[in-house]
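Structure file coords_3.cif; described as mmCIF, C-alpha atoms.
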data_protein
#
loop_
_atom_site.label_atom_id
_atom_site.label_comp_id
_atom_site.auth_asym_id
_atom_site.auth_seq_id
_atom_site.Cartn_x
_atom_site.Cartn_y
_atom_site.Cartn_z
CA MET A 1 -7.77 -149.59 6.70
CA TYR A 2 -7.63 -152.71 8.83
CA VAL A 3 -9.49 -155.81 7.65
CA ARG A 4 -12.12 -155.76 10.37
CA GLU A 5 -12.43 -151.97 10.19
CA TYR A 6 -13.06 -152.15 6.45
CA LEU A 7 -15.72 -154.84 6.78
CA SER A 8 -17.44 -152.82 9.52
CA PHE A 9 -17.48 -149.81 7.22
CA ILE A 10 -19.06 -151.83 4.37
CA ALA A 11 -21.61 -153.30 6.79
CA GLY A 12 -22.56 -149.75 7.72
CA VAL A 13 -23.05 -148.85 4.08
CA PHE A 14 -25.56 -151.70 3.78
CA LYS A 15 -27.10 -150.77 7.18
CA LEU A 16 -26.78 -154.35 8.38
CA LYS A 17 -27.95 -155.57 11.76
CA ASN A 18 -25.86 -157.82 14.02
CA THR A 19 -22.78 -156.44 12.27
CA ASN A 20 -20.15 -158.03 14.50
CA GLN A 21 -21.76 -161.47 14.27
CA ARG A 22 -21.94 -161.28 10.47
CA ILE A 23 -18.33 -160.13 10.18
CA ASP A 24 -17.19 -162.96 12.48
CA GLU A 25 -19.03 -165.49 10.28
CA LEU A 26 -17.43 -164.20 7.09
CA ILE A 27 -13.93 -163.88 8.51
CA GLU A 28 -14.11 -167.55 9.48
CA MET A 29 -15.71 -168.57 6.17
CA VAL A 30 -13.06 -166.98 3.95
CA GLY A 31 -10.12 -167.87 6.20
CA LEU A 32 -9.18 -164.42 7.49
CA THR A 33 -9.11 -165.22 11.21
CA VAL A 34 -5.34 -164.84 11.57
CA GLU A 35 -5.22 -161.70 9.39
CA GLN A 36 -8.34 -159.89 10.61
CA ASN A 37 -6.46 -157.26 12.66
CA LYS A 38 -3.90 -156.41 9.97
CA LYS A 39 -3.97 -153.54 7.51
CA ILE A 40 -5.28 -154.61 4.11
CA GLY A 41 -2.19 -153.10 2.45
CA GLN A 42 0.02 -155.52 4.40
CA LEU A 43 -1.76 -158.62 3.13
CA SER A 44 -0.68 -160.89 0.29
CA LYS A 45 -2.76 -160.81 -2.88
CA GLY A 46 -4.45 -164.06 -1.90
CA TYR A 47 -5.66 -162.61 1.40
CA LYS A 48 -6.70 -159.38 -0.30
CA GLN A 49 -8.88 -161.52 -2.59
CA ARG A 50 -10.42 -163.06 0.52
CA VAL A 51 -11.19 -159.62 1.91
CA GLY A 52 -12.91 -158.77 -1.38
CA LEU A 53 -15.00 -161.92 -1.19
CA ALA A 54 -15.96 -161.22 2.42
CA GLN A 55 -16.98 -157.67 1.47
CA ALA A 56 -19.07 -158.95 -1.45
CA LEU A 57 -20.82 -161.51 0.76
CA LEU A 58 -21.58 -159.21 3.69
CA HIS A 59 -25.15 -158.42 2.66
CA ASP A 60 -25.80 -162.08 1.73
CA PRO A 61 -26.54 -161.59 -2.02
CA GLU A 62 -28.30 -164.34 -3.95
CA VAL A 63 -25.99 -163.78 -6.95
CA LEU A 64 -22.26 -163.14 -6.70
CA ILE A 65 -20.36 -161.80 -9.75
CA LEU A 66 -16.58 -162.29 -9.73
CA ASP A 67 -14.23 -160.82 -12.33
CA GLU A 68 -10.89 -162.66 -12.68
CA PRO A 69 -10.80 -163.56 -8.96
CA THR A 70 -7.66 -165.72 -9.19
CA THR A 71 -5.40 -163.53 -11.32
CA GLY A 72 -1.87 -163.26 -9.95
CA LEU A 73 -2.20 -165.86 -7.21
CA ASP A 74 0.46 -168.44 -6.42
CA PRO A 75 -0.48 -172.14 -6.72
CA ASN A 76 -1.38 -172.49 -3.02
CA GLN A 77 -3.52 -169.34 -2.99
CA LEU A 78 -5.09 -170.42 -6.28
CA GLU A 79 -6.21 -173.76 -4.86
CA GLU A 80 -7.59 -172.12 -1.71
CA ILE A 81 -9.57 -169.44 -3.59
CA ARG A 82 -10.96 -172.04 -6.01
CA GLY A 83 -12.14 -174.14 -3.09
CA LEU A 84 -13.70 -171.11 -1.44
CA ILE A 85 -15.58 -170.11 -4.61
CA LYS A 86 -16.90 -173.66 -5.06
CA LYS A 87 -18.00 -173.72 -1.41
CA ILE A 88 -19.88 -170.44 -1.88
CA GLY A 89 -21.42 -171.81 -5.09
CA VAL A 90 -23.16 -174.61 -3.19
CA LYS A 91 -25.68 -172.13 -1.75
CA LYS A 92 -25.44 -169.18 -4.14
CA THR A 93 -25.32 -168.46 -7.85
CA VAL A 94 -21.75 -167.44 -8.66
CA MET A 95 -21.01 -165.85 -12.03
CA LEU A 96 -17.31 -165.99 -12.87
CA SER A 97 -15.88 -163.82 -15.63
CA THR A 98 -12.46 -164.99 -16.83
CA HIS A 99 -10.31 -165.69 -19.88
CA ILE A 100 -8.40 -168.41 -18.02
CA MET A 101 -9.94 -171.64 -19.25
CA GLN A 102 -8.30 -173.72 -16.51
CA GLU A 103 -10.30 -171.73 -13.98
CA VAL A 104 -13.53 -172.44 -15.81
CA GLU A 105 -12.76 -176.16 -15.92
CA ALA A 106 -11.83 -176.23 -12.23
CA ILE A 107 -14.73 -174.17 -10.87
CA CYS A 108 -17.72 -173.85 -13.19
CA ASP A 109 -20.74 -176.10 -13.73
CA ARG A 110 -22.08 -174.12 -16.69
CA VAL A 111 -20.19 -172.15 -19.33
CA ILE A 112 -21.26 -169.18 -21.44
CA ILE A 113 -18.88 -168.14 -24.23
CA ILE A 114 -19.33 -164.67 -25.73
CA ASN A 115 -17.79 -163.67 -29.06
CA LYS A 116 -18.05 -160.05 -30.23
CA GLY A 117 -21.01 -159.41 -27.96
CA LYS A 118 -22.96 -162.52 -29.01
CA ILE A 119 -23.47 -165.70 -27.00
CA VAL A 120 -21.99 -168.57 -29.04
CA ALA A 121 -22.29 -171.23 -26.34
CA ASN A 122 -24.41 -171.72 -23.23
CA GLU A 123 -24.01 -175.27 -21.96
CA LYS A 124 -23.10 -177.35 -18.98
CA ALA A 125 -19.32 -177.69 -18.94
CA GLU A 126 -19.42 -181.42 -19.70
CA ASN A 127 -21.70 -180.87 -22.72
CA LEU A 128 -19.69 -178.15 -24.46
CA SER A 129 -17.79 -180.51 -26.73
CA SER A 130 -21.12 -181.72 -28.18
CA LEU A 131 -21.31 -178.40 -30.05
CA LEU A 132 -18.32 -179.42 -32.17
CA SER A 133 -17.89 -182.37 -34.47
CA SER A 134 -14.39 -182.91 -33.03
CA LYS A 135 -16.09 -184.70 -30.17
CA ASN A 136 -16.10 -187.71 -32.50
CA ALA A 137 -12.35 -187.78 -33.09
CA ILE A 138 -11.12 -191.26 -32.19
CA GLN A 139 -7.57 -192.50 -31.84
CA ILE A 140 -7.08 -196.15 -32.72
CA GLU A 141 -4.08 -198.45 -32.91
CA PHE A 142 -4.24 -201.77 -34.74
CA GLU A 143 -1.90 -204.68 -34.06
CA LYS A 144 -1.14 -205.13 -37.77
CA ALA A 145 -1.29 -203.08 -40.94
CA ILE A 146 -4.77 -202.46 -42.35
CA ASP A 147 -6.21 -201.31 -45.66
CA GLU A 148 -6.29 -197.52 -45.21
CA LYS A 149 -8.54 -196.98 -48.23
CA ALA A 150 -11.08 -199.40 -46.77
CA LEU A 151 -10.93 -197.57 -43.45
CA GLN A 152 -11.51 -194.24 -45.20
CA LYS A 153 -14.55 -195.67 -47.02
CA MET A 154 -16.10 -197.04 -43.82
CA GLN A 155 -19.52 -195.56 -43.10
CA GLY A 156 -19.35 -192.66 -40.66
CA VAL A 157 -15.67 -191.88 -41.28
CA LYS A 158 -14.98 -188.32 -42.45
CA SER A 159 -11.19 -188.38 -42.49
CA ILE A 160 -8.22 -190.33 -41.17
CA GLU A 161 -4.79 -189.16 -40.12
CA LYS A 162 -1.92 -191.59 -39.75
CA LEU A 163 -0.09 -191.03 -36.45
CA GLY A 164 2.22 -194.03 -36.58
CA SER A 165 2.76 -197.33 -38.40
CA HIS A 166 -0.59 -198.78 -37.24
CA ASN A 167 -1.95 -195.77 -35.34
CA TYR A 168 -4.69 -193.46 -36.71
CA LEU A 169 -6.76 -190.45 -35.72
CA ILE A 170 -10.24 -190.86 -37.17
CA GLN A 171 -12.75 -188.03 -37.54
CA SER A 172 -16.38 -189.11 -37.93
CA ASN A 173 -18.82 -187.08 -40.03
CA SER A 174 -21.73 -187.32 -37.63
CA LYS A 175 -22.57 -187.78 -33.96
CA GLN A 176 -22.77 -191.52 -34.54
CA ASP A 177 -20.53 -193.60 -32.26
CA ILE A 178 -18.44 -195.73 -34.63
CA ARG A 179 -16.26 -197.49 -32.06
CA ASN A 180 -18.08 -200.82 -32.38
CA ASP A 181 -17.85 -200.54 -36.17
CA LEU A 182 -14.10 -200.07 -35.84
CA PHE A 183 -13.83 -203.30 -33.85
CA GLN A 184 -15.77 -205.11 -36.57
CA PHE A 185 -13.51 -203.52 -39.18
CA ALA A 186 -10.43 -204.83 -37.35
CA ILE A 187 -11.88 -208.35 -37.28
CA ALA A 188 -12.58 -208.18 -41.00
CA GLN A 189 -9.01 -207.03 -41.59
CA GLY A 190 -7.62 -209.96 -39.61
CA THR A 191 -6.14 -207.84 -36.83
CA THR A 192 -6.96 -206.67 -33.33
CA VAL A 193 -7.38 -203.27 -31.71
CA LEU A 194 -4.62 -202.39 -29.24
CA THR A 195 -5.85 -198.89 -28.34
CA LEU A 196 -9.17 -197.13 -28.86
CA LYS A 197 -10.07 -193.84 -27.21
CA LYS A 198 -12.08 -190.71 -27.89
CA GLU A 199 -10.11 -187.51 -28.26
CA GLU A 200 -11.89 -185.10 -25.92
CA LEU A 201 -11.40 -181.42 -26.66
CA LYS A 202 -10.07 -179.15 -23.93
CA LEU A 203 -12.14 -176.10 -23.09
CA GLU A 204 -9.38 -173.91 -24.52
CA ASP A 205 -9.72 -175.69 -27.90
CA ILE A 206 -13.50 -175.29 -27.83
CA PHE A 207 -13.17 -171.58 -27.03
CA LYS A 208 -10.79 -171.08 -29.96
CA GLN A 209 -13.07 -172.90 -32.41
CA LEU A 210 -16.16 -170.98 -31.32
CA THR A 211 -14.51 -167.54 -31.39
CA THR A 212 -12.44 -167.68 -34.57
#

Could the structure of this file be written out as structure tokens, please?
Amino acid sequence: MYVREYLSFIAGVFKLKNTNQRIDELIEMVGLTVEQNKKIGQLSKGYKQRVGLAQALLHDPEVLILDEPTTGLDPNQLEEIRGLIKKIGVKKTVMLSTHIMQEVEAICDRVIIINKGKIVANEKAENLSSLLSSKNAIQIEFEKAIDEKALQKMQGVKSIEKLGSHNYLIQSNSKQDIRNDLFQFAIAQGTTVLTLKKEELKLEDIFKQLTT
């Protein structure tokens, strides 16, 4: 079927009024203007995805459920479809089902992780790392050598890993922010801090920890 023919058929299934006007709106919204008179089978996968989105939006649903909508797209198509989904999400609730964590990070505001049929996380994307103690992993580099045993005994420190001559990865044992304490520790050790940064977990790492 042709793109416009297919959308007209779906509009008929939903018994929509002002069919042509609605189809025109959606063709422009999803970027199908140039391809609207072509057969769907002649389109690239990216444009076929756009046809699917237009079809799903025809009856103006309040909730849109998308299953792996960007699978198999080239980088340009991927960026365009992501932008389109985010644009739709401004006015509608869009539920995206995917195993591609980069897509979740690029598109989603809230993340639900399901493991063996049970919800193990339901948080805003930026708050997911708070579920794991690894949020408090801190990388620090001192200018001079320090007493590693004293660092290990510092309150709030769970473990330390030496990354270089004066460079350490510190894991805290609570949600307490120990960065100021580390500065005070450096002063007491007669050295300065060259680098201090939190090690933020990627969504892929969080997914692995919550599902294994």

Quiz item: Using only C-alpha atoms, what residues lie at most 9 Å away from (-6.3, -203.3, -34.6) (file coordinates), given as a list in words?
Solution: Ile140, Glu141, Phe142, Glu143, Lys144, Ala145, Ile146, His166, Asn167, Leu182, Phe183, Phe185, Ala186, Ile187, Gln189, Gly190, Thr191, Thr192, Val193, Leu194, Thr195 and Leu196 of chain A

Exercise. Any chance you could resolve the PyMOL selection byres ((chain A and resi 212) around 12) against this file and give the residues as number ranges by chain?
Key: A: 114-116, 120, 205-211

Put those residues in a file: C-alpha atoms, as a PDB file, keeping the file's coordinate frame.
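Full text of again-v5.pdb as output:
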ATOM      1  CA  ILE A 114     -19.330-164.670 -25.730  1.00  0.00           C
ATOM      2  CA  ASN A 115     -17.790-163.670 -29.060  1.00  0.00           C
ATOM      3  CA  LYS A 116     -18.050-160.050 -30.230  1.00  0.00           C
ATOM      4  CA  VAL A 120     -21.990-168.570 -29.040  1.00  0.00           C
ATOM      5  CA  ASP A 205      -9.720-175.690 -27.900  1.00  0.00           C
ATOM      6  CA  ILE A 206     -13.500-175.290 -27.830  1.00  0.00           C
ATOM      7  CA  PHE A 207     -13.170-171.580 -27.030  1.00  0.00           C
ATOM      8  CA  LYS A 208     -10.790-171.080 -29.960  1.00  0.00           C
ATOM      9  CA  GLN A 209     -13.070-172.900 -32.410  1.00  0.00           C
ATOM     10  CA  LEU A 210     -16.160-170.980 -31.320  1.00  0.00           C
ATOM     11  CA  THR A 211     -14.510-167.540 -31.390  1.00  0.00           C
TER      12      THR A 211
END

Exercise. Convert the output of the PyMOL selection byres ((chain A and resi 59) around 9) on the shown file into explicit residues, formatted as a ChimeraX atom specification.
Key: /A:11,14,16,22,55-58,60-61

Would you mind exporting the chosen residues as a PDB file, in the coordinates of the input, restricted to C-alpha atoms?
ATOM      1  CA  ALA A  11     -21.610-153.300   6.790  1.00  0.00           C
ATOM      2  CA  PHE A  14     -25.560-151.700   3.780  1.00  0.00           C
ATOM      3  CA  LEU A  16     -26.780-154.350   8.380  1.00  0.00           C
ATOM      4  CA  ARG A  22     -21.940-161.280  10.470  1.00  0.00           C
ATOM      5  CA  GLN A  55     -16.980-157.670   1.470  1.00  0.00           C
ATOM      6  CA  ALA A  56     -19.070-158.950  -1.450  1.00  0.00           C
ATOM      7  CA  LEU A  57     -20.820-161.510   0.760  1.00  0.00           C
ATOM      8  CA  LEU A  58     -21.580-159.210   3.690  1.00  0.00           C
ATOM      9  CA  ASP A  60     -25.800-162.080   1.730  1.00  0.00           C
ATOM     10  CA  PRO A  61     -26.540-161.590  -2.020  1.00  0.00           C
TER      11      PRO A  61
END

Practice problem: Check what the PyMOL selection byres ((chain A and resi 1) around 6) selects in the file above and give those residues as a PyMOL selection string. | Solution: chain A and resi 2+6+39

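Between atom CA of A:Leu203 and atom CA of A:Met101 the separation is 6.3 Å.
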
Exercise. Write out as a ChimeraX atom specification the residues lying within 8 Å of A:Asn20, counting only C-alpha atoms and excluding same-chain residues fewer than 3 positions away.
Key: /A:8,23-24

Exercise. Would you please work out which residue, of A:Glu103, A:Glu5, A:Glu62, A:Glu79, is nearest to A:Gln36 when using all atoms listed in the file?
Key: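 The answer is A:Glu5, which sits nearest to A:Gln36.
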
Quiz prompt | Best match for closeness to A:Asp177 among A:Gly156, A:Gly31, A:Gly46, A:Gly52, counting all atoms listed in the file | solution = A:Gly156

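The spacing separating atom CA of A:Asp147 from atom CA of A:Leu163 amounts to 15.1 Å.
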